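Source file: model_2.cif. Holds: mmCIF, C-alpha atoms.
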data_protein
#
loop_
_atom_site.group_PDB
_atom_site.id
_atom_site.type_symbol
_atom_site.label_atom_id
_atom_site.label_comp_id
_atom_site.auth_asym_id
_atom_site.auth_seq_id
_atom_site.Cartn_x
_atom_site.Cartn_y
_atom_site.Cartn_z
ATOM 1 C CA MET A 1035 17.121 -14.642 -7.881
ATOM 2 C CA ARG A 1036 13.819 -13.856 -9.572
ATOM 3 C CA PRO A 1037 10.697 -13.761 -7.402
ATOM 4 C CA HIS A 1038 8.282 -16.654 -7.750
ATOM 5 C CA THR A 1039 4.700 -16.036 -8.786
ATOM 6 C CA VAL A 1040 2.135 -17.388 -6.353
ATOM 7 C CA ALA A 1041 -1.640 -17.429 -6.772
ATOM 8 C CA ALA A 1042 -4.459 -19.247 -5.017
ATOM 9 C CA ALA A 1043 -5.623 -22.533 -6.551
ATOM 10 C CA ASP A 1044 -9.080 -24.034 -6.110
ATOM 11 C CA PRO A 1045 -9.605 -27.813 -5.875
ATOM 12 C CA PHE A 1046 -12.856 -27.362 -7.841
ATOM 13 C CA ASP A 1047 -10.763 -26.253 -10.836
ATOM 14 C CA LEU A 1048 -8.798 -29.509 -10.893
ATOM 15 C CA PRO A 1049 -9.571 -32.311 -13.357
ATOM 16 C CA ASP A 1050 -12.654 -34.383 -12.493
ATOM 17 C CA TRP A 1051 -10.719 -37.650 -12.789
ATOM 18 C CA LEU A 1052 -8.905 -36.872 -9.523
ATOM 19 C CA ALA A 1053 -12.127 -37.682 -7.669
ATOM 20 C CA SER A 1054 -13.221 -40.639 -9.759
ATOM 21 C CA SER A 1055 -10.121 -42.581 -10.867
ATOM 22 C CA ALA A 1056 -7.144 -44.302 -9.332
ATOM 23 C CA VAL A 1057 -4.507 -41.580 -9.046
ATOM 24 C CA THR A 1058 -0.729 -41.853 -8.844
ATOM 25 C CA TRP A 1059 1.483 -38.998 -7.743
ATOM 26 C CA THR A 1060 5.005 -39.527 -9.062
ATOM 27 C CA ALA A 1061 7.938 -37.504 -7.782
ATOM 28 C CA GLU A 1062 10.102 -36.048 -10.527
ATOM 29 C CA SER A 1063 12.811 -35.003 -8.076
ATOM 30 C CA GLY A 1064 14.153 -36.409 -4.822
ATOM 31 C CA ILE A 1065 12.574 -35.778 -1.442
ATOM 32 C CA GLY A 1066 14.440 -33.958 1.313
ATOM 33 C CA ALA A 1067 14.530 -30.596 -0.482
ATOM 34 C CA ALA A 1068 12.204 -27.637 0.027
ATOM 35 C CA PHE A 1069 10.648 -28.167 -3.411
ATOM 36 C CA VAL A 1070 9.711 -31.528 -4.928
ATOM 37 C CA SER A 1071 8.284 -31.570 -8.426
ATOM 38 C CA GLY A 1072 5.790 -34.221 -9.368
ATOM 39 C CA THR A 1073 2.866 -35.270 -11.537
ATOM 40 C CA LEU A 1074 -0.587 -36.662 -10.854
ATOM 41 C CA SER A 1075 -1.631 -39.334 -13.353
ATOM 42 C CA GLY A 1076 -4.736 -41.417 -13.791
ATOM 43 C CA GLY A 1077 -6.601 -39.337 -16.315
ATOM 44 C CA ASP A 1078 -5.975 -37.286 -19.400
ATOM 45 C CA PRO A 1079 -4.156 -34.978 -19.374
ATOM 46 C CA GLU A 1080 -1.785 -35.588 -16.472
ATOM 47 C CA GLN A 1081 -1.732 -32.847 -13.829
ATOM 48 C CA PRO A 1082 1.574 -31.323 -12.724
ATOM 49 C CA CYS A 1083 1.573 -31.205 -8.910
ATOM 50 C CA ASP A 1084 4.529 -30.125 -6.815
ATOM 51 C CA LEU A 1085 5.131 -29.947 -3.070
ATOM 52 C CA LEU A 1086 6.727 -26.963 -1.365
ATOM 53 C CA ALA A 1087 7.965 -26.708 2.214
ATOM 54 C CA GLY A 1088 6.679 -23.209 2.841
ATOM 55 C CA ASP A 1089 8.825 -22.274 5.842
ATOM 56 C CA LEU A 1090 12.220 -22.201 4.135
ATOM 57 C CA ALA A 1091 13.533 -18.662 4.595
ATOM 58 C CA TYR A 1092 17.271 -18.803 3.834
ATOM 59 C CA PRO A 1093 18.851 -17.569 1.681
ATOM 60 C CA ASP A 1094 15.501 -16.146 0.519
ATOM 61 C CA PRO A 1095 11.968 -16.914 1.693
ATOM 62 C CA VAL A 1096 10.175 -19.306 -0.668
ATOM 63 C CA LEU A 1097 6.812 -17.705 0.204
ATOM 64 C CA GLU A 1098 5.517 -14.399 1.482
ATOM 65 C CA ASP A 1099 4.198 -14.333 5.053
ATOM 66 C CA LYS A 1100 0.553 -14.323 3.930
ATOM 67 C CA TRP A 1101 1.035 -17.631 2.058
ATOM 68 C CA ARG A 1102 2.997 -19.241 4.897
ATOM 69 C CA SER A 1103 0.291 -18.209 7.344
ATOM 70 C CA ALA A 1104 -2.443 -19.583 5.065
ATOM 71 C CA ALA A 1105 -0.509 -22.849 4.712
ATOM 72 C CA HIS A 1106 -0.239 -23.294 8.475
ATOM 73 C CA GLN A 1107 -3.899 -22.422 8.972
ATOM 74 C CA ALA A 1108 -4.978 -24.989 6.364
ATOM 75 C CA TRP A 1109 -2.673 -27.636 7.871
ATOM 76 C CA SER A 1110 -4.040 -27.035 11.381
ATOM 77 C CA LEU A 1111 -7.543 -27.671 9.983
ATOM 78 C CA GLY A 1112 -6.505 -30.974 8.386
ATOM 79 C CA GLU A 1113 -6.285 -29.417 4.918
ATOM 80 C CA VAL A 1114 -3.477 -28.477 2.554
ATOM 81 C CA LEU A 1115 -2.974 -25.109 0.860
ATOM 82 C CA LEU A 1116 -3.180 -25.364 -2.930
ATOM 83 C CA VAL A 1117 -1.445 -22.639 -4.922
ATOM 84 C CA GLN A 1118 -0.186 -22.019 -8.420
ATOM 85 C CA TYR A 1119 3.571 -21.630 -7.874
ATOM 86 C CA ASP A 1120 5.192 -20.376 -11.054
ATOM 87 C CA GLY A 1121 2.149 -21.632 -12.935
ATOM 88 C CA ARG A 1122 2.155 -25.186 -11.518
ATOM 89 C CA LEU A 1123 -0.250 -26.665 -8.990
ATOM 90 C CA THR A 1124 1.641 -26.853 -5.711
ATOM 91 C CA LEU A 1125 0.732 -28.264 -2.306
ATOM 92 C CA VAL A 1126 2.299 -26.167 0.459
ATOM 93 C CA VAL A 1127 3.392 -28.154 3.509
ATOM 94 C CA PRO A 1128 4.803 -26.902 6.818
ATOM 95 C CA GLY A 1129 8.541 -27.110 7.424
ATOM 96 C CA THR A 1130 11.741 -26.452 5.542
ATOM 97 C CA ALA A 1131 12.082 -29.777 3.702
ATOM 98 C CA VAL A 1132 9.643 -32.222 2.141
ATOM 99 C CA SER A 1133 9.843 -35.628 3.809
ATOM 100 C CA ALA A 1134 8.164 -38.877 2.810
ATOM 101 C CA GLU A 1135 5.715 -38.442 5.693
ATOM 102 C CA LEU A 1136 4.769 -34.933 4.510
ATOM 103 C CA VAL A 1137 4.254 -36.198 0.946
ATOM 104 C CA LEU A 1138 1.859 -38.885 2.143
ATOM 105 C CA ASP A 1139 -0.022 -36.511 4.415
ATOM 106 C CA ALA A 1140 -0.276 -33.792 1.742
ATOM 107 C CA LEU A 1141 -1.631 -36.244 -0.857
ATOM 108 C CA ARG A 1142 -4.126 -37.613 1.683
ATOM 109 C CA ARG A 1143 -5.303 -34.042 2.260
ATOM 110 C CA LEU A 1144 -5.505 -33.405 -1.496
ATOM 111 C CA ALA A 1145 -7.703 -36.501 -1.881
ATOM 112 C CA ARG A 1146 -9.976 -35.096 0.801
ATOM 113 C CA ALA A 1147 -10.087 -31.712 -0.980
ATOM 114 C CA VAL A 1148 -11.339 -33.329 -4.196
ATOM 115 C CA ALA A 1149 -13.744 -35.647 -2.311
ATOM 116 C CA ALA A 1150 -11.865 -38.814 -3.264
ATOM 117 C CA PRO A 1151 -11.064 -41.785 -1.043
ATOM 118 C CA ALA A 1152 -7.398 -41.578 -0.060
ATOM 119 C CA GLU A 1153 -7.106 -45.317 -0.800
ATOM 120 C CA ARG A 1154 -7.331 -44.480 -4.519
ATOM 121 C CA PHE A 1155 -4.106 -42.466 -4.335
ATOM 122 C CA THR A 1156 -0.701 -44.072 -4.815
ATOM 123 C CA VAL A 1157 2.592 -42.273 -4.218
ATOM 124 C CA SER A 1158 5.857 -42.996 -6.024
ATOM 125 C CA LEU A 1159 8.908 -41.309 -4.466
ATOM 126 C CA ARG A 1160 12.456 -40.708 -5.623
ATOM 127 C CA LEU A 1161 15.136 -40.906 -2.963
#

Go ahead and express the file in the form of structure tokens.
Amino acid sequence: MRPHTVAAADPFDLPDWLASSAVTWTAESGIGAAFVSGTLSGGDPEQPCDLLAGDLAYPDPVLEDKWRSAAHQAWSLGEVLLVQYDGRLTLVVPGTAVSAELVLDALRRLARAVAAPAERFTVSLRL
């Protein structure tokens, strides 16, 4: 298994329309796994945005300890850790699987990070 590339992502580098338009996050894969791919739409171009349950460690850890620790610290402060995971914007959530509740909470925290009202965000899940 090849190692994943992980780098910090800054909400200030995201498209401006995230803070000023109605935004829809659409899952491209089903929830319940450690990794859920998705896309943010509402502006041009669309923004890939995935969710990753950062605590999955078997058969291989999905994140190094420093990223898992940063994810838990952000979550405890009411924030979400944004990273580039294999070149795609990824929201890191606590746990080993992404649930519907974690998706909603992560997107609410993303809205806060870009200074947008959470009410402008809509979530479309795949089961």

Target residues per the PyMOL selection byres ((chain A and resi 1061-1068) around 12), formatted as JSON, numbers by chain: {"A": [1058, 1059, 1060, 1069, 1070, 1071, 1072, 1073, 1074, 1075, 1082, 1083, 1084, 1085, 1086, 1087, 1088, 1089, 1090, 1091, 1092, 1094, 1095, 1096, 1097, 1125, 1126, 1127, 1128, 1129, 1130, 1131, 1132, 1133, 1134, 1135, 1136, 1137, 1138, 1141, 1156, 1157, 1158, 1159, 1160, 1161]}

Long-range neighbours of A:Arg1146 as a ChimeraX atom specification, 12 Å cut-off, all atoms listed in the file, 2 positions minimum in chain: /A:1045-1046,1052-1053,1112-1114,1139-1144,1148-1155

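A straight line drawn from atom CA of A:Gln1107 to atom CA of A:Pro1037 is 23.6 Å long.
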
Determine the axis-aligned bounding box of all atoms of stretch 1144-1148 of chain A present in the file, pad each side by 6 Å, and express its centre and edge lengths in Å to one decimal place as lines of an AutoDock Vina configuration file.
center_x = -8.4
center_y = -34.1
center_z = -1.7
size_x = 17.8
size_y = 16.8
size_z = 17.0

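For the pair atom CA of A:Asp1050 and atom CA of A:Arg1102, the interatomic distance is 27.9 Å.
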
Near-A:Asp1120 list (7 Å; all atoms listed in the file; drop same-chain fewer than 2 positions) as a ChimeraX atom specification: /A:1038-1040,1118,1122

Answer key for the PyMOL selection byres ((chain A and resi 1044) around 10), residues as a PyMOL selection string: chain A and resi 1041-1043+1045-1048+1115-1118+1123+1147-1148

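With atom CA of A:Gln1081 on one side and atom CA of A:Gly1121 on the other, the separation reads 11.9 Å.
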
Would it be fine to have stretch 1051-1067 of chain A, with all heavy atoms, given as a PDB file, in the first residue's frame?
ATOM      1  N   TRP A1051     -16.566  31.834  -3.014  1.00  0.00           N
ATOM      2  CA  TRP A1051     -17.996  31.547  -3.062  1.00  0.00           C
ATOM      3  C   TRP A1051     -18.469  30.682  -1.904  1.00  0.00           C
ATOM      4  O   TRP A1051     -19.659  30.668  -1.585  1.00  0.00           O
ATOM      5  CB  TRP A1051     -18.414  30.947  -4.403  1.00  0.00           C
ATOM      6  CG  TRP A1051     -17.710  29.690  -4.831  1.00  0.00           C
ATOM      7  CD1 TRP A1051     -16.665  29.598  -5.703  1.00  0.00           C
ATOM      8  CD2 TRP A1051     -18.022  28.345  -4.434  1.00  0.00           C
ATOM      9  NE1 TRP A1051     -16.296  28.289  -5.861  1.00  0.00           N
ATOM     10  CE2 TRP A1051     -17.113  27.501  -5.101  1.00  0.00           C
ATOM     11  CE3 TRP A1051     -18.964  27.785  -3.594  1.00  0.00           C
ATOM     12  CZ2 TRP A1051     -17.128  26.120  -4.935  1.00  0.00           C
ATOM     13  CZ3 TRP A1051     -18.987  26.405  -3.422  1.00  0.00           C
ATOM     14  CH2 TRP A1051     -18.072  25.593  -4.090  1.00  0.00           C
ATOM     15  N   LEU A1052     -17.566  29.985  -1.230  1.00  0.00           N
ATOM     16  CA  LEU A1052     -17.971  29.176  -0.073  1.00  0.00           C
ATOM     17  C   LEU A1052     -18.564  30.037   1.033  1.00  0.00           C
ATOM     18  O   LEU A1052     -19.416  29.589   1.792  1.00  0.00           O
ATOM     19  CB  LEU A1052     -16.790  28.372   0.467  1.00  0.00           C
ATOM     20  CG  LEU A1052     -16.350  27.174  -0.360  1.00  0.00           C
ATOM     21  CD1 LEU A1052     -15.063  26.591   0.182  1.00  0.00           C
ATOM     22  CD2 LEU A1052     -17.442  26.127  -0.395  1.00  0.00           C
ATOM     23  N   ALA A1053     -18.115  31.285   1.127  1.00  0.00           N
ATOM     24  CA  ALA A1053     -18.602  32.180   2.175  1.00  0.00           C
ATOM     25  C   ALA A1053     -19.773  33.037   1.723  1.00  0.00           C
ATOM     26  O   ALA A1053     -20.433  33.651   2.557  1.00  0.00           O
ATOM     27  CB  ALA A1053     -17.462  33.077   2.651  1.00  0.00           C
ATOM     28  N   SER A1054     -20.033  33.072   0.423  1.00  0.00           N
ATOM     29  CA  SER A1054     -21.035  34.022  -0.059  1.00  0.00           C
ATOM     30  C   SER A1054     -22.190  33.400  -0.841  1.00  0.00           C
ATOM     31  O   SER A1054     -23.122  34.111  -1.200  1.00  0.00           O
ATOM     32  CB  SER A1054     -20.354  35.077  -0.941  1.00  0.00           C
ATOM     33  OG  SER A1054     -19.721  34.468  -2.050  1.00  0.00           O
ATOM     34  N   SER A1055     -22.153  32.124  -1.098  1.00  0.00           N
ATOM     35  CA  SER A1055     -23.194  31.464  -1.905  1.00  0.00           C
ATOM     36  C   SER A1055     -23.838  30.334  -1.116  1.00  0.00           C
ATOM     37  O   SER A1055     -23.311  29.899  -0.095  1.00  0.00           O
ATOM     38  CB  SER A1055     -22.573  30.861  -3.175  1.00  0.00           C
ATOM     39  OG  SER A1055     -21.966  31.837  -3.957  1.00  0.00           O
ATOM     40  N   ALA A1056     -24.953  29.843  -1.635  1.00  0.00           N
ATOM     41  CA  ALA A1056     -25.516  28.606  -1.118  1.00  0.00           C
ATOM     42  C   ALA A1056     -24.593  27.475  -1.578  1.00  0.00           C
ATOM     43  O   ALA A1056     -24.190  27.428  -2.741  1.00  0.00           O
ATOM     44  CB  ALA A1056     -26.921  28.395  -1.654  1.00  0.00           C
ATOM     45  N   VAL A1057     -24.233  26.608  -0.662  1.00  0.00           N
ATOM     46  CA  VAL A1057     -23.253  25.557  -0.934  1.00  0.00           C
ATOM     47  C   VAL A1057     -23.897  24.199  -0.695  1.00  0.00           C
ATOM     48  O   VAL A1057     -24.611  24.003   0.284  1.00  0.00           O
ATOM     49  CB  VAL A1057     -22.014  25.721  -0.021  1.00  0.00           C
ATOM     50  CG1 VAL A1057     -21.034  24.569  -0.216  1.00  0.00           C
ATOM     51  CG2 VAL A1057     -21.341  27.062  -0.251  1.00  0.00           C
ATOM     52  N   THR A1058     -23.617  23.265  -1.584  1.00  0.00           N
ATOM     53  CA  THR A1058     -24.066  21.882  -1.401  1.00  0.00           C
ATOM     54  C   THR A1058     -22.856  20.968  -1.401  1.00  0.00           C
ATOM     55  O   THR A1058     -22.031  21.018  -2.314  1.00  0.00           O
ATOM     56  CB  THR A1058     -25.032  21.449  -2.525  1.00  0.00           C
ATOM     57  OG1 THR A1058     -26.175  22.306  -2.499  1.00  0.00           O
ATOM     58  CG2 THR A1058     -25.483  20.009  -2.344  1.00  0.00           C
ATOM     59  N   TRP A1059     -22.751  20.149  -0.355  1.00  0.00           N
ATOM     60  CA  TRP A1059     -21.737  19.109  -0.333  1.00  0.00           C
ATOM     61  C   TRP A1059     -22.452  17.823  -0.727  1.00  0.00           C
ATOM     62  O   TRP A1059     -23.437  17.420  -0.111  1.00  0.00           O
ATOM     63  CB  TRP A1059     -21.100  18.950   1.049  1.00  0.00           C
ATOM     64  CG  TRP A1059     -20.042  17.878   1.046  1.00  0.00           C
ATOM     65  CD1 TRP A1059     -18.754  17.997   0.646  1.00  0.00           C
ATOM     66  CD2 TRP A1059     -20.191  16.509   1.458  1.00  0.00           C
ATOM     67  NE1 TRP A1059     -18.089  16.799   0.773  1.00  0.00           N
ATOM     68  CE2 TRP A1059     -18.955  15.873   1.274  1.00  0.00           C
ATOM     69  CE3 TRP A1059     -21.254  15.770   1.953  1.00  0.00           C
ATOM     70  CZ2 TRP A1059     -18.747  14.533   1.576  1.00  0.00           C
ATOM     71  CZ3 TRP A1059     -21.054  14.426   2.251  1.00  0.00           C
ATOM     72  CH2 TRP A1059     -19.802  13.826   2.063  1.00  0.00           C
ATOM     73  N   THR A1060     -21.943  17.176  -1.770  1.00  0.00           N
ATOM     74  CA  THR A1060     -22.538  15.946  -2.276  1.00  0.00           C
ATOM     75  C   THR A1060     -21.551  14.800  -2.115  1.00  0.00           C
ATOM     76  O   THR A1060     -20.420  14.881  -2.613  1.00  0.00           O
ATOM     77  CB  THR A1060     -22.916  16.103  -3.766  1.00  0.00           C
ATOM     78  OG1 THR A1060     -23.795  17.227  -3.899  1.00  0.00           O
ATOM     79  CG2 THR A1060     -23.596  14.852  -4.288  1.00  0.00           C
ATOM     80  N   ALA A1061     -21.984  13.768  -1.419  1.00  0.00           N
ATOM     81  CA  ALA A1061     -21.149  12.574  -1.258  1.00  0.00           C
ATOM     82  C   ALA A1061     -21.042  11.852  -2.585  1.00  0.00           C
ATOM     83  O   ALA A1061     -22.030  11.690  -3.303  1.00  0.00           O
ATOM     84  CB  ALA A1061     -21.735  11.662  -0.205  1.00  0.00           C
ATOM     85  N   GLU A1062     -19.836  11.416  -2.911  1.00  0.00           N
ATOM     86  CA  GLU A1062     -19.608  10.632  -4.120  1.00  0.00           C
ATOM     87  C   GLU A1062     -19.455   9.149  -3.794  1.00  0.00           C
ATOM     88  O   GLU A1062     -19.376   8.323  -4.693  1.00  0.00           O
ATOM     89  CB  GLU A1062     -18.368  11.160  -4.850  1.00  0.00           C
ATOM     90  CG  GLU A1062     -18.548  12.587  -5.335  1.00  0.00           C
ATOM     91  CD  GLU A1062     -17.261  13.222  -5.827  1.00  0.00           C
ATOM     92  OE1 GLU A1062     -16.177  12.619  -5.665  1.00  0.00           O
ATOM     93  OE2 GLU A1062     -17.344  14.331  -6.372  1.00  0.00           O
ATOM     94  N   SER A1063     -19.388   8.844  -2.497  1.00  0.00           N
ATOM     95  CA  SER A1063     -19.321   7.462  -2.042  1.00  0.00           C
ATOM     96  C   SER A1063     -20.191   7.344  -0.795  1.00  0.00           C
ATOM     97  O   SER A1063     -20.587   8.353  -0.218  1.00  0.00           O
ATOM     98  CB  SER A1063     -17.871   7.049  -1.761  1.00  0.00           C
ATOM     99  OG  SER A1063     -17.290   7.859  -0.765  1.00  0.00           O
ATOM    100  N   GLY A1064     -20.486   6.119  -0.399  1.00  0.00           N
ATOM    101  CA  GLY A1064     -21.368   5.899   0.737  1.00  0.00           C
ATOM    102  C   GLY A1064     -20.711   6.208   2.071  1.00  0.00           C
ATOM    103  O   GLY A1064     -19.494   6.093   2.220  1.00  0.00           O
ATOM    104  N   ILE A1065     -21.543   6.604   3.037  1.00  0.00           N
ATOM    105  CA  ILE A1065     -21.041   6.848   4.387  1.00  0.00           C
ATOM    106  C   ILE A1065     -20.845   5.509   5.092  1.00  0.00           C
ATOM    107  O   ILE A1065     -21.279   4.470   4.616  1.00  0.00           O
ATOM    108  CB  ILE A1065     -21.977   7.768   5.189  1.00  0.00           C
ATOM    109  CG1 ILE A1065     -23.373   7.150   5.317  1.00  0.00           C
ATOM    110  CG2 ILE A1065     -22.049   9.146   4.566  1.00  0.00           C
ATOM    111  CD1 ILE A1065     -24.285   7.907   6.265  1.00  0.00           C
ATOM    112  N   GLY A1066     -20.187   5.542   6.227  1.00  0.00           N
ATOM    113  CA  GLY A1066     -19.925   4.335   6.999  1.00  0.00           C
ATOM    114  C   GLY A1066     -18.505   3.821   6.836  1.00  0.00           C
ATOM    115  O   GLY A1066     -18.057   2.975   7.587  1.00  0.00           O
ATOM    116  N   ALA A1067     -17.777   4.353   5.869  1.00  0.00           N
ATOM    117  CA  ALA A1067     -16.377   3.977   5.652  1.00  0.00           C
ATOM    118  C   ALA A1067     -15.479   5.007   6.334  1.00  0.00           C
ATOM    119  O   ALA A1067     -15.939   6.042   6.814  1.00  0.00           O
ATOM    120  CB  ALA A1067     -16.085   3.923   4.155  1.00  0.00           C
TER     121      ALA A1067
END
